[in-house]
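J.: File follows, model36.cif with mmCIF, C-alpha atoms and all ligand atoms:
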data_coords
loop_
_atom_site.label_atom_id
_atom_site.label_comp_id
_atom_site.auth_asym_id
_atom_site.auth_seq_id
_atom_site.Cartn_x
_atom_site.Cartn_y
_atom_site.Cartn_z
CA MET A 22 87.38 80.53 72.57
CA VAL A 23 88.85 81.69 69.28
CA ARG A 24 86.85 83.77 66.79
CA ALA A 25 88.02 84.99 63.42
CA ILE A 26 86.85 88.24 61.85
CA VAL A 27 87.43 88.12 58.13
CA GLY A 28 86.17 89.71 54.92
CA ALA A 29 83.97 88.06 52.28
CA ASN A 30 84.66 90.58 49.54
CA TRP A 31 87.65 92.57 48.24
CA GLY A 32 88.55 94.11 51.60
CA ASP A 33 87.33 97.35 53.21
CA GLU A 34 84.21 95.59 54.47
CA GLY A 35 84.55 97.22 57.88
CA LYS A 36 86.39 94.42 59.70
CA GLY A 37 88.28 96.98 61.79
CA LYS A 38 85.10 98.39 63.22
CA ILE A 39 83.71 94.94 64.07
CA THR A 40 87.04 93.87 65.64
CA ASP A 41 87.28 97.08 67.68
CA MET A 42 83.72 96.48 68.87
CA LEU A 43 84.20 92.81 69.78
CA ALA A 44 87.60 93.51 71.35
CA LYS A 45 85.71 95.02 74.27
CA GLU A 46 84.85 91.48 75.39
CA SER A 47 88.10 89.86 74.30
CA ASP A 48 91.50 89.27 75.88
CA ILE A 49 93.76 88.89 72.86
CA ILE A 50 93.58 90.16 69.28
CA VAL A 51 95.88 88.67 66.66
CA ARG A 52 96.88 89.81 63.18
CA PHE A 53 97.80 86.65 61.30
CA GLN A 54 98.64 87.66 57.71
CA GLY A 55 99.40 90.57 55.41
CA GLY A 56 101.29 93.67 56.37
CA SER A 57 100.97 97.41 56.26
CA ASN A 58 99.55 97.32 52.73
CA ALA A 59 95.92 97.71 53.75
CA GLY A 60 94.29 99.55 56.57
CA HIS A 61 91.39 99.47 58.95
CA THR A 62 89.58 102.65 59.84
CA ILE A 63 88.39 102.87 63.41
CA ILE A 64 86.40 105.58 65.09
CA ASN A 65 86.18 105.54 68.88
CA ASN A 66 86.46 107.77 71.97
CA TYR A 67 90.06 108.64 71.17
CA GLY A 68 89.38 109.84 67.63
CA LYS A 69 89.67 108.43 64.13
CA PHE A 70 92.50 106.05 63.31
CA ALA A 71 93.78 104.27 60.23
CA LEU A 72 95.63 101.20 61.49
CA HIS A 73 97.79 99.22 59.11
CA LEU A 74 99.81 96.78 61.14
CA LEU A 75 98.42 96.88 64.66
CA PRO A 76 95.36 94.77 65.40
CA SER A 77 92.15 96.76 65.88
CA GLY A 78 92.06 95.84 69.58
CA VAL A 79 94.82 98.21 70.67
CA PHE A 80 92.43 100.79 72.06
CA TYR A 81 91.47 98.92 75.20
CA ASN A 82 93.44 98.63 78.42
CA HIS A 83 92.61 95.01 78.99
CA THR A 84 93.67 93.55 75.62
CA THR A 85 96.91 92.11 74.35
CA SER A 86 97.65 92.81 70.69
CA ILE A 87 99.62 90.22 68.78
CA ILE A 88 101.50 90.26 65.50
CA GLY A 89 101.50 86.61 64.46
CA ASN A 90 104.13 84.71 62.50
CA GLY A 91 102.11 85.03 59.28
CA VAL A 92 102.44 88.81 59.12
CA ALA A 93 104.88 90.79 56.97
CA LEU A 94 106.53 92.68 59.81
CA ASN A 95 107.68 96.17 58.88
CA ILE A 96 109.49 97.04 62.12
CA PRO A 97 109.92 100.84 61.79
CA TYR A 98 106.32 101.06 60.60
CA LEU A 99 105.07 99.15 63.65
CA ILE A 100 107.02 101.35 66.06
CA GLN A 101 105.77 104.47 64.31
CA GLU A 102 102.18 103.21 64.47
CA ILE A 103 102.48 102.50 68.21
CA ASN A 104 103.88 106.00 68.78
CA SER A 105 101.20 107.63 66.68
CA ILE A 106 98.32 106.19 68.70
CA VAL A 107 100.03 106.91 72.03
CA GLU A 108 100.50 110.53 70.91
CA LYS A 109 96.74 110.76 70.40
CA GLY A 110 96.13 109.77 74.02
CA VAL A 111 95.59 106.00 73.69
CA PRO A 112 97.18 104.17 76.66
CA LYS A 113 100.34 102.33 75.56
CA PRO A 114 99.06 99.02 74.31
CA ARG A 115 100.45 95.62 75.31
CA ILE A 116 101.97 94.22 72.13
CA LEU A 117 103.63 90.90 71.40
CA VAL A 118 105.40 90.03 68.17
CA SER A 119 106.03 86.44 67.15
CA ASP A 120 109.66 85.34 67.15
CA ARG A 121 108.74 83.44 63.97
CA ALA A 122 107.37 86.45 62.12
CA GLN A 123 109.50 87.53 59.19
CA VAL A 124 110.90 90.97 58.69
CA LEU A 125 109.90 93.16 55.79
CA MET A 126 113.11 94.85 54.67
CA PRO A 127 113.59 98.17 52.83
CA TYR A 128 114.71 96.28 49.71
CA HIS A 129 111.32 94.55 49.55
CA VAL A 130 109.72 97.95 49.09
CA LEU A 131 112.32 98.83 46.43
CA PHE A 132 111.79 95.59 44.51
CA ASP A 133 108.02 96.09 44.66
CA THR A 134 108.42 99.59 43.22
CA TYR A 135 110.95 98.54 40.55
CA GLU A 136 108.84 95.61 39.43
CA GLU A 137 105.66 97.67 39.16
CA ALA A 138 107.57 100.20 37.04
CA ARG A 139 109.04 97.43 34.89
CA LEU A 140 105.61 95.89 34.29
CA ALA A 141 104.20 99.34 33.54
CA GLY A 142 100.68 98.90 32.05
CA LYS A 143 100.66 95.23 33.04
CA SER A 144 101.31 95.86 36.73
CA PHE A 145 99.28 94.33 39.56
CA GLY A 146 98.34 97.65 41.09
CA SER A 147 100.54 96.97 44.11
CA THR A 148 100.50 99.40 47.04
CA LYS A 149 104.32 99.17 46.83
CA SER A 150 104.59 98.21 50.48
CA GLY A 151 106.92 95.34 49.60
CA ILE A 152 104.40 92.60 50.34
CA ALA A 153 104.81 90.44 47.22
CA PRO A 154 108.67 90.45 47.30
CA PHE A 155 108.48 89.77 51.05
CA TYR A 156 106.34 86.65 50.72
CA ALA A 157 108.30 85.52 47.66
CA ASP A 158 111.49 85.63 49.76
CA LYS A 159 109.82 83.91 52.69
CA TYR A 160 108.87 80.92 50.56
CA ALA A 161 112.18 81.00 48.69
CA LYS A 162 113.72 80.65 52.16
CA ILE A 163 115.77 83.81 51.97
CA GLY A 164 113.55 85.76 54.35
CA ILE A 165 114.72 86.99 57.74
CA GLN A 166 112.90 85.58 60.74
CA VAL A 167 112.70 87.80 63.85
CA SER A 168 114.58 85.15 65.85
CA GLU A 169 117.49 85.34 63.40
CA LEU A 170 118.05 89.02 64.16
CA PHE A 171 119.33 87.93 67.56
CA ASP A 172 122.12 85.68 66.27
CA GLU A 173 124.99 87.65 64.80
CA ALA A 174 126.56 84.79 62.84
CA VAL A 175 123.26 83.72 61.34
CA ILE A 176 122.22 87.21 60.34
CA ARG A 177 125.63 88.02 58.85
CA GLU A 178 125.51 84.96 56.63
CA LYS A 179 121.90 85.65 55.66
CA VAL A 180 122.65 89.20 54.65
CA GLU A 181 125.53 88.08 52.41
CA GLN A 182 123.35 85.46 50.76
CA ILE A 183 120.60 88.04 50.18
CA CYS A 184 122.98 90.58 48.64
CA GLU A 185 124.37 87.95 46.30
CA THR A 186 121.04 87.12 44.67
CA LYS A 187 119.36 90.51 44.93
CA ASN A 188 122.30 92.34 43.39
CA VAL A 189 122.18 90.24 40.23
CA LEU A 190 118.60 91.41 39.69
CA LEU A 191 119.33 94.98 40.68
CA GLU A 192 122.23 95.21 38.25
CA HIS A 193 120.96 93.30 35.24
CA LEU A 194 117.17 93.46 35.39
CA TYR A 195 116.37 96.77 37.07
CA HIS A 196 119.61 98.73 36.54
CA LYS A 197 119.42 100.18 40.01
CA PRO A 198 121.92 100.79 42.86
CA LEU A 199 123.15 97.59 44.52
CA LEU A 200 122.59 96.52 48.13
CA ASP A 201 125.50 96.96 50.49
CA ALA A 202 125.98 94.11 52.97
CA ALA A 203 127.43 96.28 55.74
CA GLU A 204 124.57 98.75 55.48
CA LEU A 205 122.00 95.96 55.47
CA LEU A 206 123.57 94.38 58.51
CA ASP A 207 123.38 97.69 60.29
CA THR A 208 119.67 97.94 59.45
CA CYS A 209 119.16 94.46 60.91
CA TYR A 210 120.85 95.47 64.17
CA GLN A 211 118.68 98.58 64.39
CA TYR A 212 115.57 96.49 63.75
CA ARG A 213 116.66 93.99 66.41
CA ASP A 214 116.93 96.72 69.03
CA MET A 215 113.58 98.22 68.05
CA ILE A 216 111.65 94.95 68.18
CA GLU A 217 113.35 93.30 71.17
CA PRO A 218 110.87 94.52 73.85
CA TYR A 219 107.97 92.88 71.99
CA VAL A 220 109.36 89.52 70.91
CA CYS A 221 107.52 86.46 72.21
CA ASP A 222 106.94 82.79 71.47
CA VAL A 223 103.42 83.64 70.34
CA SER A 224 102.27 80.12 69.52
CA SER A 225 103.15 78.95 73.01
CA TYR A 226 101.56 82.06 74.56
CA LEU A 227 98.32 81.38 72.68
CA HIS A 228 98.43 77.69 73.62
CA GLU A 229 98.39 78.69 77.29
CA ALA A 230 95.74 81.37 76.69
CA ILE A 231 93.43 78.84 75.00
CA LYS A 232 93.93 76.45 77.94
CA GLU A 233 92.98 79.25 80.35
CA GLY A 234 89.77 79.91 78.39
CA LYS A 235 90.79 83.35 77.18
CA THR A 236 88.79 85.02 74.39
CA ILE A 237 90.91 85.43 71.31
CA LEU A 238 90.09 87.31 68.10
CA LEU A 239 91.90 86.66 64.84
CA GLU A 240 91.69 89.74 62.65
CA GLY A 241 91.96 89.23 58.91
CA GLN A 242 93.08 91.79 56.40
CA LEU A 243 91.49 92.23 52.94
CA GLY A 244 88.88 89.64 51.93
CA SER A 245 88.19 86.26 50.31
CA LEU A 246 88.49 87.57 46.77
CA LYS A 247 92.05 88.76 47.43
CA ASP A 248 93.19 85.38 48.75
CA THR A 249 96.20 84.06 46.85
CA ASP A 250 94.60 80.67 46.13
CA HIS A 251 90.87 81.28 46.16
CA GLY A 252 90.69 84.89 45.02
CA ILE A 253 90.91 86.56 41.63
CA TYR A 254 94.45 85.37 40.91
CA PRO A 255 96.73 87.04 39.89
CA MET A 256 95.06 90.26 41.08
CA VAL A 257 95.30 89.04 44.64
CA THR A 258 97.39 89.72 47.67
CA SER A 259 100.42 87.58 48.48
CA SER A 260 99.14 85.97 51.66
CA SER A 261 96.03 84.02 52.51
CA THR A 262 93.15 86.18 53.69
CA LEU A 263 91.11 83.20 54.91
CA ALA A 264 90.12 82.28 58.44
CA ALA A 265 91.75 78.87 57.92
CA TYR A 266 95.10 80.59 57.58
CA GLY A 267 94.48 82.16 60.98
CA ALA A 268 95.54 78.87 62.51
CA ILE A 269 98.84 78.92 60.65
CA GLY A 270 99.55 82.63 60.89
CA ALA A 271 98.94 82.64 64.64
CA GLY A 272 100.24 79.16 65.44
CA ILE A 273 97.11 77.59 66.92
CA PRO A 274 95.18 74.38 66.13
CA PRO A 275 92.62 74.87 63.33
CA TYR A 276 89.84 73.25 65.37
CA GLU A 277 90.11 75.98 68.01
CA ILE A 278 88.55 78.52 65.63
CA LYS A 279 84.92 78.10 66.66
CA ASP A 280 83.33 81.14 65.13
CA ILE A 281 84.07 82.75 61.77
CA ILE A 282 82.44 86.16 61.62
CA THR A 283 82.53 87.07 57.99
CA VAL A 284 82.08 90.71 57.20
CA VAL A 285 79.96 91.41 54.12
CA LYS A 286 79.50 94.88 52.72
CA ALA A 287 76.03 96.10 51.66
CA TYR A 288 77.46 97.20 48.29
CA SER A 289 80.76 96.47 46.55
CA SER A 290 84.03 98.34 46.52
CA ALA A 291 87.50 97.32 45.43
CA VAL A 292 90.92 98.85 45.06
CA GLY A 293 93.42 97.96 42.38
CA ALA A 294 92.92 96.21 39.08
CA GLY A 295 91.04 92.96 38.43
CA ALA A 296 87.66 91.66 37.31
CA PHE A 297 84.80 93.35 39.17
CA VAL A 298 81.54 92.15 37.67
CA SER A 299 79.02 94.41 39.41
CA GLU A 300 81.13 97.54 38.95
CA ILE A 301 79.39 100.83 38.21
CA PHE A 302 80.83 103.94 36.60
CA GLY A 303 80.25 107.65 36.07
CA ASP A 304 77.89 109.70 38.22
CA GLU A 305 76.25 106.62 39.71
CA ALA A 306 79.63 105.42 41.02
CA ASP A 307 80.74 108.89 42.10
CA GLU A 308 77.67 109.35 44.23
CA LEU A 309 78.05 105.98 45.99
CA ARG A 310 81.80 106.63 46.46
CA ARG A 311 81.14 110.03 47.96
CA ARG A 312 78.48 108.71 50.35
CA GLY A 313 80.25 105.43 51.11
CA GLY A 314 82.10 104.26 54.23
CA ASP A 315 82.85 107.12 56.55
CA GLY A 316 83.44 110.22 54.46
CA GLY A 317 83.90 108.52 51.10
CA GLU A 318 85.41 105.34 49.68
CA PHE A 319 89.12 106.04 49.44
CA GLY A 320 91.87 103.56 50.33
CA ALA A 321 93.02 103.75 53.98
CA THR A 322 96.66 103.20 52.96
CA THR A 323 96.94 104.83 49.57
CA GLY A 324 94.07 107.33 49.45
CA ARG A 325 93.19 105.86 46.04
CA PRO A 326 89.50 106.20 45.05
CA ARG A 327 87.90 102.79 45.42
CA ARG A 328 86.09 101.21 42.49
CA MET A 329 82.38 100.94 43.27
CA GLY A 330 79.66 98.43 42.46
CA TRP A 331 76.32 97.03 43.54
CA PHE A 332 76.10 94.17 46.01
CA ASP A 333 77.37 91.01 44.33
CA ALA A 334 75.54 87.97 45.68
CA VAL A 335 77.61 85.54 43.59
CA ALA A 336 80.95 86.84 44.88
CA SER A 337 79.67 87.27 48.45
CA ARG A 338 78.17 83.76 48.67
CA TYR A 339 81.45 82.34 47.43
CA GLY A 340 83.39 84.67 49.73
CA CYS A 341 81.42 83.40 52.75
CA ARG A 342 81.74 79.76 51.73
CA ILE A 343 85.49 79.89 51.25
CA GLN A 344 85.89 81.59 54.64
CA GLY A 345 83.69 78.95 56.27
CA ALA A 346 81.44 81.71 57.60
CA THR A 347 79.45 80.76 60.70
CA GLU A 348 77.78 84.17 60.89
CA VAL A 349 77.80 87.40 58.93
CA ALA A 350 78.22 91.02 59.97
CA PHE A 351 76.50 93.08 57.28
CA THR A 352 78.06 96.54 57.09
CA VAL A 353 77.66 100.09 55.73
CA LEU A 354 73.96 99.51 55.11
CA ASP A 355 73.19 103.11 56.14
CA VAL A 356 74.97 104.35 53.01
CA LEU A 357 72.28 102.93 50.70
CA GLY A 358 69.49 105.04 52.23
CA TYR A 359 69.53 107.58 49.38
CA LEU A 360 68.51 105.17 46.62
CA ASP A 361 64.97 104.80 45.23
CA GLU A 362 65.84 101.35 43.97
CA ILE A 363 68.82 99.19 44.77
CA PRO A 364 70.28 96.95 42.07
CA VAL A 365 71.79 93.65 43.26
CA CYS A 366 73.88 91.25 41.17
CA ILE A 367 72.36 87.77 41.50
CA GLY A 368 74.09 85.90 38.69
CA TYR A 369 76.88 86.04 36.14
CA GLU A 370 76.31 85.61 32.44
CA ILE A 371 79.32 83.92 30.88
CA ASP A 372 79.30 83.00 27.18
CA GLY A 373 75.51 83.19 27.11
CA GLU A 374 74.97 81.04 30.21
CA VAL A 375 73.88 82.28 33.60
CA THR A 376 75.63 80.91 36.67
CA LYS A 377 75.52 81.56 40.40
CA GLU A 378 78.92 79.93 40.95
CA PHE A 379 81.95 82.21 41.24
CA PRO A 380 84.32 81.11 38.46
CA THR A 381 88.10 81.17 38.03
CA THR A 382 89.57 84.43 36.82
CA VAL A 383 89.78 83.59 33.12
CA LYS A 384 86.02 83.06 33.03
CA LEU A 385 85.32 85.85 35.48
CA GLU A 386 86.84 88.34 33.03
CA LYS A 387 84.03 87.46 30.60
CA ALA A 388 81.19 87.64 33.13
CA LYS A 389 78.39 90.17 32.82
CA PRO A 390 76.19 90.94 35.83
CA VAL A 391 72.62 89.67 36.02
CA LEU A 392 70.86 92.29 38.09
CA THR A 393 67.62 92.45 39.98
CA THR A 394 66.25 95.50 41.75
CA LEU A 395 64.97 95.89 45.29
CA PRO A 396 63.01 98.90 46.55
CA GLY A 397 65.01 101.38 48.63
CA TRP A 398 63.97 102.70 52.06
CA LYS A 399 64.77 106.36 51.43
CA CYS A 400 65.71 107.37 54.95
CA ASP A 401 68.61 107.55 57.37
CA ILE A 402 68.84 104.37 59.45
CA ARG A 403 71.75 105.51 61.64
CA GLY A 404 70.92 105.50 65.32
CA ILE A 405 68.50 102.58 65.08
CA ARG A 406 69.47 99.83 67.56
CA LYS A 407 66.66 97.30 67.13
CA TYR A 408 66.19 95.18 64.04
CA GLU A 409 62.40 95.53 64.09
CA GLU A 410 62.75 99.31 63.98
CA LEU A 411 64.45 99.23 60.60
CA PRO A 412 62.20 100.21 57.68
CA GLU A 413 60.50 97.25 56.06
CA ASN A 414 62.32 97.65 52.74
CA CYS A 415 65.61 97.74 54.59
CA ARG A 416 64.79 94.48 56.39
CA ASN A 417 63.72 93.01 53.07
CA TYR A 418 67.11 93.94 51.59
CA ILE A 419 68.94 92.29 54.51
CA GLU A 420 66.78 89.17 54.34
CA PHE A 421 67.18 88.95 50.56
CA VAL A 422 70.97 89.08 50.93
CA GLU A 423 70.88 86.56 53.77
CA LYS A 424 68.98 84.11 51.58
CA GLU A 425 71.37 84.64 48.69
CA ILE A 426 74.54 84.10 50.74
CA GLY A 427 73.08 81.29 52.85
CA VAL A 428 74.64 82.40 56.15
CA PRO A 429 72.78 84.05 59.06
CA ILE A 430 73.30 87.80 59.30
CA THR A 431 73.66 88.27 63.05
CA MET A 432 74.92 91.86 63.07
CA VAL A 433 73.93 94.83 60.97
CA SER A 434 76.28 97.81 61.01
CA ASN A 435 74.53 101.12 60.36
CA GLY A 436 77.30 103.64 60.92
CA PRO A 437 81.06 103.83 61.41
CA GLY A 438 81.04 104.21 65.21
CA ARG A 439 81.47 101.46 67.80
CA ASP A 440 77.84 101.67 68.84
CA ASP A 441 76.35 101.78 65.35
CA ILE A 442 75.37 98.14 65.42
CA ILE A 443 72.18 96.14 65.48
CA MET A 444 72.52 92.73 67.11
CA ARG A 445 69.88 90.50 65.64
CA GLU A 446 68.12 88.31 68.14
CA GLU A 447 67.47 84.72 67.19
P1 LIG B 1 88.41 97.09 56.88
O1 LIG B 1 89.73 97.06 56.23
O2 LIG B 1 87.57 95.91 56.54
O3 LIG B 1 88.49 97.30 58.36
O4 LIG B 1 87.61 98.33 56.27
P2 LIG B 1 88.07 99.85 56.18
O5 LIG B 1 88.26 100.38 57.53
O6 LIG B 1 89.15 100.04 55.21
O7 LIG B 1 86.78 100.49 55.47
C1 LIG B 1 85.58 100.55 56.05
C2 LIG B 1 85.13 102.01 56.10
O8 LIG B 1 83.77 102.05 56.38
C3 LIG B 1 85.78 102.80 57.21
O9 LIG B 1 85.89 104.14 56.82
C4 LIG B 1 84.79 102.66 58.37
O10 LIG B 1 84.84 103.74 59.29
C5 LIG B 1 83.51 102.67 57.63
N1 LIG B 1 82.43 101.88 58.21
C6 LIG B 1 82.48 100.67 58.81
N2 LIG B 1 81.23 100.24 59.09
C7 LIG B 1 80.39 101.21 58.63
C8 LIG B 1 78.96 101.34 58.61
O11 LIG B 1 78.22 100.48 59.02
N3 LIG B 1 78.48 102.49 58.05
C9 LIG B 1 79.26 103.46 57.53
N4 LIG B 1 78.72 104.54 57.00
N5 LIG B 1 80.60 103.35 57.52
C10 LIG B 1 81.15 102.25 58.07
#
Before we go any further, please render this structure as C-alpha cells.

T.:
Amino acid sequence: MVRAIVGANWGDEGKGKITDMLAKESDIIVRFQGGSNAGHTIINNYGKFALHLLPSGVFYNHTTSIIGNGVALNIPYLIQEINSIVEKGVPKPRILVSDRAQVLMPYHVLFDTYEEARLAGKSFGSTKSGIAPFYADKYAKIGIQVSELFDEAVIREKVEQICETKNVLLEHLYHKPLLDAAELLDTCYQYRDMIEPYVCDVSSYLHEAIKEGKTILLEGQLGSLKDTDHGIYPMVTSSSTLAAYGAIGAGIPPYEIKDIITVVKAYSSAVGAGAFVSEIFGDEADELRRRGGDGGEFGATTGRPRRMGWFDAVASRYGCRIQGATEVAFTVLDVLGYLDEIPVCIGYEIDGEVTKEFPTTVKLEKAKPVLTTLPGWKCDIRGIRKYEELPENCRNYIEFVEKEIGVPITMVSNGPGRDDIIMREE
C-alpha cells in the first residue's frame, strides 16, 4: 500500500510531523523530489530536528528511508545530516539512495548564487541551494547520475563537457572563477566513495516491496502552489511537488498510490516572493508569526521570517484538487486560539469579478481577497484527543474549511508533537 503525504499550500504545512507520525506504521519512507532547499521540523523523543534531505521516517528502527531518483542529491549534505541525527542519539537509520538520482554539484550552488545576484531586484528569492541550476542541467542532459560516478570513463567525459559549457557562462556572463576539470573529477570521486554504501536500484526494490504488501509513504516537499507546472509560476520550485510525481520520482506505477494525504494549514504562510492574496501585514502578521508553528514561523532552512496570511479557501481547494487529495490533515489549528474572530479568504476579486477558481499567475497578481469572518474559540486546544471535545466554534471552523475545500478532514493536528493529533472517526 502506497500513501503520499503532500502539501496543499506553499509548503511548511506540517508534512514532516504527519510523516513522522504515520511512519510508525510504515515500512518504507521515500523522498521523491526537491533537495535540501526546504526543511521539515520534527519533534519526537530524541529532540527537535530540522530535516532537509532525509525522509521524516528516519527516527524509527523498523523503517527504511529512501532518496528517490527525483531528488536533487547533495551528497555531503546527506552524509552530514545522517551524522547529525546519529550524534543526537537516533539509531543509525537504514538509508537507500537511487542509482538514478542525480548529484547536486558545488557549481550548482555557485550558479544559483551568481544568478540571484545578477537578477538583483528581479530575483526569484531562491534559497541558493542550487536547485534550479540542478534541475536545469538534469533536463539539459548534462547532469550527473549516481550510477555514472562509478564509471571512470563516463564521468571523465561528463566533467569535461560540463566545464566546457559552464566556463563560457562563468567567464562572459558572471565574470567569476572558472571550473577546473581535474578538481571537479576529484570531487566526483569523493562523492562516489561517500555514497557507495547507500546506492540501490530503488525502483526494483520498491517493486518487490509493493509485491510483498509493504506500507510505503511518499513524502513531498513544499506544496501545490510551488509546483513548477501548477503553482504560481515563475515563483515556484524547480521540481514537481505533486503526489502524481511521486510515481516518477520513486519509480513506481502511478496506480499504486492509493491514498493522498494532503496537508492543509489552518492559516497561510509562505516564504519567498510571489502573489499571496490573503497576506496580512504589520502587527496582525507579527502576532500570528510569533505564535505560529512551533516557536514562530521562520524558514527551517534559511531562518527567513515567513509571510503570513489568513486561511485561503480558494488556494487550498485548488491545492487539494491538483494533488488529487483523498483526505486532508488539517494542521496548526491550535495557533488560532488567541483570536476573537478569524478571517478566512473565500474568493478572489479580479478586475471587479469574484471567483472561487485559482487563476494563473498573471491574474493572481491582480486578485484581492474576499473575506468572511468566523468566531474564534478563545482557548488552548492542545492536549485534546477527541474531536467532540473541541470547542464548538473550533469544530465549526474545521467543518467550514472542509466544505470549502471539498475533501474530508480526517486528521486535525493541534500541536507540534507526534501525539498532538485528533483522528476523526467516520
Ligand atoms: P513541512 O515542511 O510541511 O514539514 O513543515 P515545517 O516543518 O517546515 O513547518 C511546520 C512547523 O509547524 C514546524 O515547526 C512544526 O513543528 C510545526 N507544527 C506542525 N504541526 C503543528 C501543529 O499542529 N501545531 C503547532 N503549533 N505546530 C505544528

J.: Using all atoms listed in the file, find each residue with an atom at most 6 Å away from ligand LIG 1 (chain B) and format the answer as an MDAnalysis selection string.

T.: chainID A and resid 32:38 60:63 314:315 321 352:356 434:437

J.: In terms of the shortest atom-to-atom distance over all atoms listed in the file, which of A:Thr393, A:Gln344, A:Thr236, A:Gln54 is closest to Phe421 of chain A?

T.: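 Selected residue with least distance to Phe421 of chain A: A:Thr393.
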
J.: Which value, in Å to one decimal, gives the distance between atom CA of Gly270 of chain A and atom CA of Ile216 of chain A?

T.: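 Separation of atom CA of Gly270 of chain A and atom CA of Ile216 of chain A: 18.7 Å.
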
J.: What is the distance, in Å and to one decimal place, between atom CA of Pro114 of chain A and atom CA of Ala264 of chain A?

T.: 24.7 Å

J.: Identify which of the residues A:Leu246, A:Ile96, A:Glu277, A:Thr283 lies closest to Lys232 of chain A, counting all atoms listed in the file when measuring atom-to-atom distances.

T.: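 Going through A:Leu246, A:Ile96, A:Glu277, A:Thr283 one by one, the smallest distance to Lys232 of chain A is for A:Glu277.
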